[in-house]
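Undergrad: Below is entry_21.txt; it holds compact mmCIF, C-alpha atoms.
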# COMPACT_ATOMS: atom_id res chain seq x y z
CA GLU A 1 20.83 -3.30 -26.63
CA LEU A 2 23.68 -4.25 -24.30
CA PRO A 3 26.62 -6.57 -24.91
CA ALA A 4 25.80 -9.97 -23.42
CA ASP A 5 29.22 -10.17 -21.79
CA LYS A 6 28.26 -7.16 -19.63
CA ILE A 7 25.49 -9.17 -17.97
CA GLU A 8 26.52 -10.42 -14.53
CA PHE A 9 25.01 -13.01 -12.23
CA SER A 10 25.09 -12.06 -8.56
CA ASN A 11 23.03 -12.89 -5.49
CA GLY A 12 20.90 -15.30 -7.49
CA ARG A 13 19.87 -12.89 -10.25
CA TYR A 14 21.06 -11.33 -13.47
CA MET A 15 22.01 -7.67 -13.57
CA VAL A 16 24.05 -5.13 -15.49
CA GLN A 17 25.87 -1.95 -14.60
CA TYR A 18 23.67 0.78 -16.02
CA ARG A 19 24.38 4.50 -15.59
CA GLU A 20 26.70 3.84 -12.64
CA GLN A 21 24.18 1.63 -10.87
CA LEU A 22 23.37 -2.07 -10.79
CA MET A 23 20.17 -2.71 -12.74
CA PRO A 24 18.30 -6.00 -12.13
CA LEU A 25 17.19 -7.90 -15.22
CA VAL A 26 13.84 -9.65 -15.44
CA ALA A 27 13.15 -11.99 -18.35
CA MET A 28 9.73 -12.43 -19.91
CA ASP A 29 8.34 -15.95 -20.01
CA GLY A 30 10.01 -17.99 -22.71
CA VAL A 31 12.89 -15.52 -23.15
CA THR A 32 16.44 -16.71 -22.55
CA ILE A 33 19.15 -14.25 -21.56
CA ALA A 34 21.83 -14.22 -24.23
CA SER A 35 25.31 -15.51 -23.42
CA GLN A 36 26.97 -13.81 -26.40
CA GLY A 37 26.25 -11.06 -28.88
CA ALA A 38 23.76 -8.31 -28.05
CA GLN A 39 20.89 -8.55 -25.58
CA PRO A 40 17.79 -6.39 -26.22
CA ILE A 41 16.44 -4.88 -23.00
CA LEU A 42 13.52 -2.57 -22.26
CA VAL A 43 14.60 -0.19 -19.48
CA PHE A 44 12.05 1.24 -17.05
CA ALA A 45 13.34 3.94 -14.71
CA ASP A 46 11.74 5.93 -11.92
CA ASP A 47 13.08 7.96 -9.00
CA GLY A 48 16.64 6.71 -9.25
CA ARG A 49 15.83 3.05 -9.88
CA SER A 50 15.95 1.09 -13.10
CA MET A 51 14.74 -2.34 -14.18
CA GLY A 52 15.67 -4.11 -17.42
CA LEU A 53 13.02 -6.30 -19.03
CA VAL A 54 14.78 -8.87 -21.21
CA VAL A 55 13.13 -9.49 -24.61
CA ASP A 56 14.07 -11.44 -27.73
CA GLU A 57 13.93 -8.50 -30.12
CA ILE A 58 12.97 -4.84 -30.32
CA ILE A 59 11.12 -4.51 -33.62
CA ASP A 60 10.07 -0.88 -33.60
CA ILE A 61 9.30 2.15 -31.46
CA VAL A 62 5.92 3.73 -32.14
CA GLU A 63 3.59 6.23 -30.53
CA GLU A 64 0.08 4.86 -30.44
CA ARG A 65 -3.20 5.42 -28.61
CA LEU A 66 -3.60 2.20 -26.66
CA ASN A 67 -6.94 0.39 -26.76
CA ILE A 68 -6.91 -3.06 -25.18
CA GLU A 69 -9.59 -4.91 -27.13
CA VAL A 70 -9.06 -8.42 -25.75
CA GLY A 71 -8.05 -9.06 -22.15
CA GLY A 72 -4.97 -11.11 -21.36
CA SER A 73 -5.19 -14.63 -19.99
CA SER A 74 -1.57 -15.07 -18.91
CA SER A 75 0.45 -13.27 -16.26
CA GLY A 76 2.52 -10.38 -17.57
CA ILE A 77 0.18 -9.63 -20.49
CA LEU A 78 -2.52 -6.94 -20.26
CA GLY A 79 -4.19 -8.13 -23.43
CA SER A 80 -4.16 -7.50 -27.16
CA ALA A 81 -4.44 -4.27 -29.10
CA VAL A 82 -4.10 -3.21 -32.72
CA ILE A 83 -0.74 -1.46 -33.15
CA LYS A 84 0.33 -0.30 -36.61
CA GLY A 85 -2.38 -2.47 -38.11
CA GLN A 86 -1.34 -5.68 -36.35
CA ALA A 87 -2.79 -7.55 -33.37
CA THR A 88 -0.15 -7.11 -30.67
CA GLU A 89 0.15 -8.38 -27.11
CA VAL A 90 0.63 -5.57 -24.61
CA ILE A 91 3.04 -6.11 -21.72
CA ASP A 92 1.79 -5.56 -18.17
CA VAL A 93 4.77 -3.56 -16.90
CA GLY A 94 3.30 -3.50 -13.39
CA HIS A 95 3.66 -7.28 -13.26
CA PHE A 96 7.42 -7.17 -13.84
CA LEU A 97 8.55 -4.10 -11.88
CA PRO A 98 8.13 -5.70 -8.40
CA MET A 99 10.22 -8.63 -9.61
CA ALA A 100 13.16 -6.24 -9.75
CA PHE A 101 12.33 -4.31 -6.57
CA ALA A 102 9.58 -5.69 -4.34
CA ASP A 103 8.80 -2.21 -3.00
CA TRP A 104 8.75 -0.45 -6.40
CA PHE A 105 5.17 0.77 -5.94
CA THR A 106 5.18 1.32 -2.18
CA ARG A 107 8.50 2.95 -1.34
CA LYS A 108 7.29 6.50 -2.07
CA GLU A 109 4.20 6.03 0.07
CA MET A 110 6.29 4.43 2.79
CA LYS A 111 8.13 7.71 3.38
CA PRO A 112 5.82 9.74 5.62
CA SER A 113 6.23 13.45 5.04
CA LEU A 114 6.31 16.04 7.78
CA HIS A 115 2.79 16.99 6.72
CA SER A 116 1.35 13.47 6.65
CA GLN A 117 -1.44 12.79 9.10
CA SER A 118 -0.85 10.80 12.24
CA VAL A 119 -2.79 7.75 13.36
CA LEU A 120 -2.85 6.05 16.74
CA LEU A 121 -3.63 2.33 16.38
CA VAL A 122 -4.76 0.70 19.63
CA ASP A 123 -5.05 -3.10 19.47
CA ASP A 124 -4.06 -5.80 21.93
CA SER A 125 -3.41 -8.26 19.08
CA ALA A 126 0.17 -8.12 17.80
CA PHE A 127 -1.06 -9.91 14.66
CA PHE A 128 -3.46 -7.12 13.74
CA ARG A 129 -1.01 -4.37 14.69
CA ASN A 130 1.61 -5.91 12.43
CA MET A 131 -0.93 -6.37 9.66
CA LEU A 132 -2.53 -2.92 9.74
CA ALA A 133 0.43 -0.67 10.52
CA PRO A 134 2.22 -1.30 7.16
CA VAL A 135 -1.08 -0.79 5.31
CA LEU A 136 -1.55 2.59 6.97
CA LYS A 137 2.05 3.62 6.35
CA ALA A 138 1.77 2.64 2.70
CA ALA A 139 -1.28 4.91 2.48
CA GLY A 140 0.86 7.83 3.67
CA TYR A 141 -0.01 8.01 7.37
CA ARG A 142 2.39 8.29 10.29
CA VAL A 143 1.47 5.44 12.62
CA ARG A 144 2.02 4.82 16.31
CA THR A 145 0.75 1.61 17.87
CA ALA A 146 -0.36 0.84 21.41
CA PRO A 147 -1.07 -2.69 22.72
CA THR A 148 -3.52 -1.58 25.43
CA ALA A 149 -6.10 1.15 25.95
CA GLN A 150 -4.09 2.55 28.86
CA GLU A 151 -0.97 2.89 26.69
CA GLY A 152 -3.17 4.47 24.03
CA LEU A 153 -4.37 7.08 26.52
CA ALA A 154 -0.78 7.79 27.56
CA ALA A 155 0.20 8.28 23.92
CA LEU A 156 -2.74 10.63 23.34
CA ARG A 157 -1.73 12.77 26.29
CA ALA A 158 1.88 12.90 25.09
CA GLN A 159 1.22 14.00 21.50
CA ASN A 160 -1.54 15.01 19.11
CA PHE A 161 -3.03 12.56 16.61
CA ASP A 162 -5.29 13.28 13.67
CA VAL A 163 -7.34 10.12 14.14
CA ILE A 164 -7.60 7.15 16.51
CA LEU A 165 -8.15 3.54 15.44
CA THR A 166 -9.17 1.26 18.27
CA ASP A 167 -9.99 -2.41 18.54
CA ILE A 168 -13.25 -3.22 20.32
CA GLU A 169 -12.41 -6.55 21.94
CA MET A 170 -9.59 -5.68 24.34
CA PRO A 171 -8.95 -6.86 27.92
CA ASP A 172 -9.10 -4.54 30.95
CA MET A 173 -10.64 -1.67 28.94
CA ASN A 174 -12.50 -2.41 25.72
CA GLY A 175 -12.78 -0.08 22.76
CA PHE A 176 -16.14 1.38 23.82
CA GLU A 177 -14.81 2.26 27.27
CA PHE A 178 -11.62 3.64 25.75
CA ALA A 179 -13.65 5.90 23.43
CA GLU A 180 -15.77 7.13 26.34
CA VAL A 181 -12.64 8.13 28.29
CA VAL A 182 -11.27 9.97 25.26
CA ARG A 183 -14.57 11.79 24.75
CA ALA A 184 -14.63 12.85 28.41
CA ASP A 185 -11.22 14.55 28.06
CA ASN A 186 -11.67 18.10 26.78
CA ASN A 187 -8.23 18.06 25.16
CA LEU A 188 -9.01 14.88 23.19
CA ALA A 189 -12.74 15.10 22.59
CA ALA A 190 -12.42 16.46 19.05
CA THR A 191 -10.16 13.66 17.80
CA PRO A 192 -12.03 11.31 15.42
CA ILE A 193 -12.28 7.70 16.59
CA ILE A 194 -12.76 4.74 14.26
CA GLY A 195 -13.73 1.42 15.81
CA LEU A 196 -12.24 -1.84 14.50
CA SER A 197 -13.91 -5.18 14.99
CA ALA A 198 -13.84 -8.64 13.47
CA LEU A 199 -17.66 -8.65 13.72
CA VAL A 200 -19.69 -5.59 12.75
CA SER A 201 -23.27 -5.93 13.97
CA PRO A 202 -26.07 -3.33 14.20
CA ALA A 203 -25.98 -3.58 18.01
CA ALA A 204 -22.23 -2.94 18.08
CA ILE A 205 -22.63 0.02 15.72
CA GLU A 206 -25.27 1.57 17.97
CA ARG A 207 -23.04 0.99 20.99
CA GLY A 208 -20.20 2.65 19.09
CA ARG A 209 -22.36 5.66 18.28
CA GLN A 210 -23.17 6.07 21.96
CA ALA A 211 -19.47 5.76 22.88
CA GLY A 212 -18.56 8.49 20.39
CA PHE A 213 -17.18 6.59 17.40
CA HIS A 214 -17.08 8.56 14.17
CA ASP A 215 -17.01 5.38 12.09
CA TYR A 216 -16.93 1.61 12.45
CA VAL A 217 -14.95 -0.70 10.14
CA ALA A 218 -14.42 -4.45 9.95
CA LYS A 219 -10.80 -5.33 10.69
CA PHE A 220 -10.25 -7.16 7.42
CA ASP A 221 -11.83 -4.43 5.29
CA ARG A 222 -8.62 -2.61 4.38
CA PRO A 223 -10.14 -0.52 1.54
CA GLY A 224 -12.98 0.47 3.87
CA LEU A 225 -10.50 1.43 6.57
CA ILE A 226 -8.46 3.65 4.24
CA ALA A 227 -11.68 5.25 2.97
CA ALA A 228 -12.83 5.93 6.55
CA LEU A 229 -9.45 7.43 7.43
CA LYS A 230 -9.53 9.72 4.42
CA GLU A 231 -13.01 10.85 5.33
CA GLN A 232 -12.12 11.64 8.93
CA THR A 233 -8.75 13.23 8.26
CA ALA A 234 -10.26 15.37 5.51
CA GLY A 235 -11.89 17.36 8.26
CA ALA A 236 -15.44 16.11 7.77
CA ALA A 237 -17.58 17.66 10.48
CA GLY A 238 -19.56 15.48 12.85
CA ALA A 239 -19.97 11.74 12.94
CA SER A 240 -20.27 9.86 9.66
CA GLU A 241 -23.07 7.47 8.96
CA LEU A 242 -22.27 4.30 10.85
CA SER A 243 -24.96 2.48 8.91
CA ARG A 244 -22.46 2.18 6.03
CA ALA A 245 -20.51 -0.38 8.05
CA ALA A 246 -23.70 -2.27 8.91
CA ALA A 247 -24.58 -2.59 5.24
CA ALA A 248 -21.10 -3.96 4.53
Mind turning this structure into structure tokens?
TA:
Amino acid sequence: ELPADKIEFSNGRYMVQYREQLMPLVAMDGVTIASQGAQPILVFADDGRSMGLVVDEIIDIVEERLNIEVGGSSSGILGSAVIKGQATEVIDVGHFLPMAFADWFTRKEMKPSLHSQSVLLVDDSAFFRNMLAPVLKAAGYRVRTAPTAQEGLAALRAQNFDVILTDIEMPDMNGFEFAEVVRADNNLAATPIIGLSALVSPAAIERGRQAGFHDYVAKFDRPGLIAALKEQTAGAAGASELSRAAAA
């Protein structure tokens, strides 16, 4: 519990000075931040950051095996569980943490380590480059982008990459032709190539197999893309089954 007069309003939000840092406050629905007296706050801290969840009252602190028996129907509530013999709503902490810091869950992944694997993303569409690059970085990969196949080839000859992602529909040199050039270069031939396309058809998959693709993923299938990257960067030998993309 903190004295209400220690709560400050700055930059459009409430916060308090907590352990020599400013801690944002987030109020649960229906809870009003006190203007006098004491304000109960649940503090969540991780890796040097803290968030205060404002509540009306802290009744007790218990250690309990959590079993959500009824799912929640409102945002911020996981559901209901029996705690100390009483039906109790369980807070969805993950709902509130990004309200304090939008990057609470991604900032660790957004820091590529020296040992993280590198990805070359070749796509002539700035929209898709800007959409996919943050997704790949959040998954822990170091990403370099190239807007054309020629710039992609120049990047490949300047540094080593663990895997290549290439769009299929590109001007001047399409993704199939780009893959064939990479495969013909003895220094690059072993680098896995994943094809990206808005339309994944059996004919395109067969063409990709002939060009030397290790996998083929629809552009908007972000979970499938991350799964394909993990498979290829895990050192899986040989080409993966491209039929998986056709089934999707």
Undergrad: With distances taken over only C-alpha atoms, which of A:Ala133, A:Ala184, A:Val93, A:Val54 is nearest to Met15 of chain A?
TA: A:Val54
Undergrad: As a compact mmCIF listing (two decimals) with C-alpha atoms, in the frame of the given file, please: the residues near Gln210 of chain A (cut-off 10 Å, all atoms listed in the file, same-chain neighbours under 6 positions excluded).
TA:
# COMPACT_ATOMS: atom_id res chain seq x y z
CA PHE A 176 -16.14 1.38 23.82
CA ALA A 179 -13.65 5.90 23.43
CA GLU A 180 -15.77 7.13 26.34
CA ALA A 204 -22.23 -2.94 18.08
Undergrad: Determine, counting all atoms listed in the file, which protein, DNA and RNA residues have an atom within 12 Å of an atom of Glu151 of chain A; residues of the same chain fewer than 2 positions away are not included. Present the result as a CSV table (one decimal) with C-alpha atoms, in the frame of the given file.
TA:
chain,number,residue,atom,x,y,z
A,120,LEU,CA,-2.8,6.0,16.7
A,121,LEU,CA,-3.6,2.3,16.4
A,122,VAL,CA,-4.8,0.7,19.6
A,123,ASP,CA,-5.0,-3.1,19.5
A,124,ASP,CA,-4.1,-5.8,21.9
A,144,ARG,CA,2.0,4.8,16.3
A,145,THR,CA,0.8,1.6,17.9
A,146,ALA,CA,-0.4,0.8,21.4
A,147,PRO,CA,-1.1,-2.7,22.7
A,148,THR,CA,-3.5,-1.6,25.4
A,149,ALA,CA,-6.1,1.2,26.0
A,153,LEU,CA,-4.4,7.1,26.5
A,154,ALA,CA,-0.8,7.8,27.6
A,155,ALA,CA,0.2,8.3,23.9
A,156,LEU,CA,-2.7,10.6,23.3
A,157,ARG,CA,-1.7,12.8,26.3
A,158,ALA,CA,1.9,12.9,25.1
A,166,THR,CA,-9.2,1.3,18.3
A,172,ASP,CA,-9.1,-4.5,31.0
A,173,MET,CA,-10.6,-1.7,28.9
A,178,PHE,CA,-11.6,3.6,25.8
Undergrad: What does the structure give for the distance between atom CA of Leu196 of chain A and atom CA of Lys219 of chain A, in Å to one decimal?
TA: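 Separation between atom CA of Leu196 of chain A and atom CA of Lys219 of chain A: 5.4 Å.
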Undergrad: So what do you get for atom CA of Val70 of chain A versus atom CA of Thr88 of chain A, distance-wise?
TA: 10.3 Å
Undergrad: Suppose you want the space between atom CA of Val217 of chain A and atom CA of Gly195 of chain A; what is it in Å?
TA: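 Atom CA of Gly195 of chain A lies at a distance of 6.2 Å from atom CA of Val217 of chain A.
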Undergrad: Quick one: 5 Å padding each side, axis-aligned, all listed atoms of segment 14-17 of chain A - centre and edge lengths in Å to one decimal, as AutoDock Vina command-line options?
TA:
--center_x 23.5 --center_y -6.6 --center_z -14.5 --size_x 14.8 --size_y 19.4 --size_z 12.0
Undergrad: Using all atoms listed in the file, which of the listed residues (A:Gln86, A:Gln150, A:Gln159, A:Ser50) sits closest to Val26 of chain A?
TA: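 Among A:Gln86, A:Gln150, A:Gln159, A:Ser50, it is A:Ser50 that comes nearest to Val26 of chain A.
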Undergrad: For Gly140 of chain A, which residue out of A:Val119, A:Leu165, A:Met28, A:Leu78 is the nearest one, using only C-alpha atoms?
TA: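 Checking each of A:Val119, A:Leu165, A:Met28, A:Leu78 against Gly140 of chain A, counting only C-alpha atoms, the winner is A:Val119.
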Undergrad: A:Pro3, A:Pro40, A:Pro192, A:Gly30: which is nearest Asp162 of chain A, counting all atoms listed in the file?
TA: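 Comparing A:Pro3, A:Pro40, A:Pro192, A:Gly30 against Asp162 of chain A, the winner is A:Pro192.
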Undergrad: Would you pick out the contacts of Ile168 of chain A at 6 Å or less, using all atoms listed in the file, so that residues sharing its chain but fewer than 5 positions from it are not included, and give the list as a list in words?
TA: Asn174, Gly175 and Ser197 of chain A
Undergrad: Counting all atoms listed in the file, which residue out of A:Met51, A:Met170, A:Val181, A:Leu22 sits closest to Pro98 of chain A?
TA: A:Met51
Undergrad: Can you pull out every residue within 9 Å of Val55 of chain A, counting all atoms listed in the file, but drop anything in the same chain fewer than 5 positions away, and send it as an mmCIF file with C-alpha atoms, in the coordinates of the input?
TA:
data_model
loop_
_atom_site.group_PDB
_atom_site.id
_atom_site.type_symbol
_atom_site.label_atom_id
_atom_site.label_comp_id
_atom_site.auth_asym_id
_atom_site.auth_seq_id
_atom_site.Cartn_x
_atom_site.Cartn_y
_atom_site.Cartn_z
ATOM 1 C CA ALA A 27 13.150 -11.990 -18.350
ATOM 2 C CA MET A 28 9.730 -12.430 -19.910
ATOM 3 C CA VAL A 31 12.890 -15.520 -23.150
ATOM 4 C CA THR A 32 16.440 -16.710 -22.550
ATOM 5 C CA ILE A 33 19.150 -14.250 -21.560
ATOM 6 C CA GLN A 39 20.890 -8.550 -25.580
ATOM 7 C CA PRO A 40 17.790 -6.390 -26.220
ATOM 8 C CA ILE A 41 16.440 -4.880 -23.000
ATOM 9 C CA LEU A 42 13.520 -2.570 -22.260
#
Undergrad: Restricting the calculation to only C-alpha atoms: of A:Gly85, A:Ser116, A:Gly152, A:Asp167, which residue gets closest to Val62 of chain A?
TA: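 Closest candidate: A:Gly85.
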Undergrad: Output segment 23-43 of chain A as a PDB file, in the coordinates of the input, making sure N, CA and C atoms are there.
TA:
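Printed below is rebuild.pdb as written:
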ATOM      1  N   MET A  23      21.561  -2.627 -12.296  1.00  0.00           N
ATOM      2  CA  MET A  23      20.170  -2.710 -12.740  1.00  0.00           C
ATOM      3  C   MET A  23      19.768  -4.180 -12.829  1.00  0.00           C
ATOM      4  N   PRO A  24      18.769  -4.617 -12.041  1.00  0.00           N
ATOM      5  CA  PRO A  24      18.300  -6.000 -12.130  1.00  0.00           C
ATOM      6  C   PRO A  24      17.654  -6.264 -13.491  1.00  0.00           C
ATOM      7  N   LEU A  25      17.819  -7.482 -13.969  1.00  0.00           N
ATOM      8  CA  LEU A  25      17.190  -7.900 -15.220  1.00  0.00           C
ATOM      9  C   LEU A  25      16.088  -8.904 -14.919  1.00  0.00           C
ATOM     10  N   VAL A  26      14.970  -8.727 -15.578  1.00  0.00           N
ATOM     11  CA  VAL A  26      13.840  -9.650 -15.440  1.00  0.00           C
ATOM     12  C   VAL A  26      13.487 -10.129 -16.843  1.00  0.00           C
ATOM     13  N   ALA A  27      13.432 -11.435 -17.024  1.00  0.00           N
ATOM     14  CA  ALA A  27      13.150 -11.990 -18.350  1.00  0.00           C
ATOM     15  C   ALA A  27      11.673 -12.335 -18.471  1.00  0.00           C
ATOM     16  N   MET A  28      11.098 -12.015 -19.629  1.00  0.00           N
ATOM     17  CA  MET A  28       9.730 -12.430 -19.910  1.00  0.00           C
ATOM     18  C   MET A  28       9.684 -13.944 -20.062  1.00  0.00           C
ATOM     19  N   ASP A  29       8.500 -14.498 -19.870  1.00  0.00           N
ATOM     20  CA  ASP A  29       8.340 -15.950 -20.010  1.00  0.00           C
ATOM     21  C   ASP A  29       8.770 -16.393 -21.405  1.00  0.00           C
ATOM     22  N   GLY A  30       9.571 -17.442 -21.438  1.00  0.00           N
ATOM     23  CA  GLY A  30      10.010 -17.990 -22.710  1.00  0.00           C
ATOM     24  C   GLY A  30      11.202 -17.298 -23.315  1.00  0.00           C
ATOM     25  N   VAL A  31      11.726 -16.267 -22.644  1.00  0.00           N
ATOM     26  CA  VAL A  31      12.890 -15.520 -23.150  1.00  0.00           C
ATOM     27  C   VAL A  31      14.130 -15.972 -22.398  1.00  0.00           C
ATOM     28  N   THR A  32      15.175 -16.284 -23.131  1.00  0.00           N
ATOM     29  CA  THR A  32      16.440 -16.710 -22.550  1.00  0.00           C
ATOM     30  C   THR A  32      17.457 -15.582 -22.653  1.00  0.00           C
ATOM     31  N   ILE A  33      18.140 -15.299 -21.552  1.00  0.00           N
ATOM     32  CA  ILE A  33      19.150 -14.250 -21.560  1.00  0.00           C
ATOM     33  C   ILE A  33      20.351 -14.714 -22.383  1.00  0.00           C
ATOM     34  N   ALA A  34      20.760 -13.866 -23.300  1.00  0.00           N
ATOM     35  CA  ALA A  34      21.830 -14.220 -24.230  1.00  0.00           C
ATOM     36  C   ALA A  34      23.163 -14.373 -23.503  1.00  0.00           C
ATOM     37  N   SER A  35      23.971 -15.311 -23.982  1.00  0.00           N
ATOM     38  CA  SER A  35      25.310 -15.510 -23.420  1.00  0.00           C
ATOM     39  C   SER A  35      26.386 -14.879 -24.297  1.00  0.00           C
ATOM     40  N   GLN A  36      26.020 -14.482 -25.502  1.00  0.00           N
ATOM     41  CA  GLN A  36      26.970 -13.810 -26.400  1.00  0.00           C
ATOM     42  C   GLN A  36      26.178 -12.912 -27.360  1.00  0.00           C
ATOM     43  N   GLY A  37      26.899 -12.006 -27.977  1.00  0.00           N
ATOM     44  CA  GLY A  37      26.250 -11.060 -28.880  1.00  0.00           C
ATOM     45  C   GLY A  37      25.568  -9.945 -28.119  1.00  0.00           C
ATOM     46  N   ALA A  38      24.479  -9.416 -28.670  1.00  0.00           N
ATOM     47  CA  ALA A  38      23.760  -8.310 -28.050  1.00  0.00           C
ATOM     48  C   ALA A  38      22.472  -8.805 -27.401  1.00  0.00           C
ATOM     49  N   GLN A  39      22.114  -8.192 -26.282  1.00  0.00           N
ATOM     50  CA  GLN A  39      20.890  -8.550 -25.580  1.00  0.00           C
ATOM     51  C   GLN A  39      19.930  -7.362 -25.580  1.00  0.00           C
ATOM     52  N   PRO A  40      18.787  -7.473 -26.268  1.00  0.00           N
ATOM     53  CA  PRO A  40      17.790  -6.390 -26.220  1.00  0.00           C
ATOM     54  C   PRO A  40      17.142  -6.308 -24.849  1.00  0.00           C
ATOM     55  N   ILE A  41      17.012  -5.097 -24.324  1.00  0.00           N
ATOM     56  CA  ILE A  41      16.440  -4.880 -23.000  1.00  0.00           C
ATOM     57  C   ILE A  41      15.546  -3.645 -23.050  1.00  0.00           C
ATOM     58  N   LEU A  42      14.373  -3.740 -22.451  1.00  0.00           N
ATOM     59  CA  LEU A  42      13.520  -2.570 -22.260  1.00  0.00           C
ATOM     60  C   LEU A  42      13.800  -2.032 -20.863  1.00  0.00           C
ATOM     61  N   VAL A  43      14.223  -0.776 -20.764  1.00  0.00           N
ATOM     62  CA  VAL A  43      14.600  -0.190 -19.480  1.00  0.00           C
ATOM     63  C   VAL A  43      13.462   0.682 -18.954  1.00  0.00           C
TER      64      VAL A  43
END
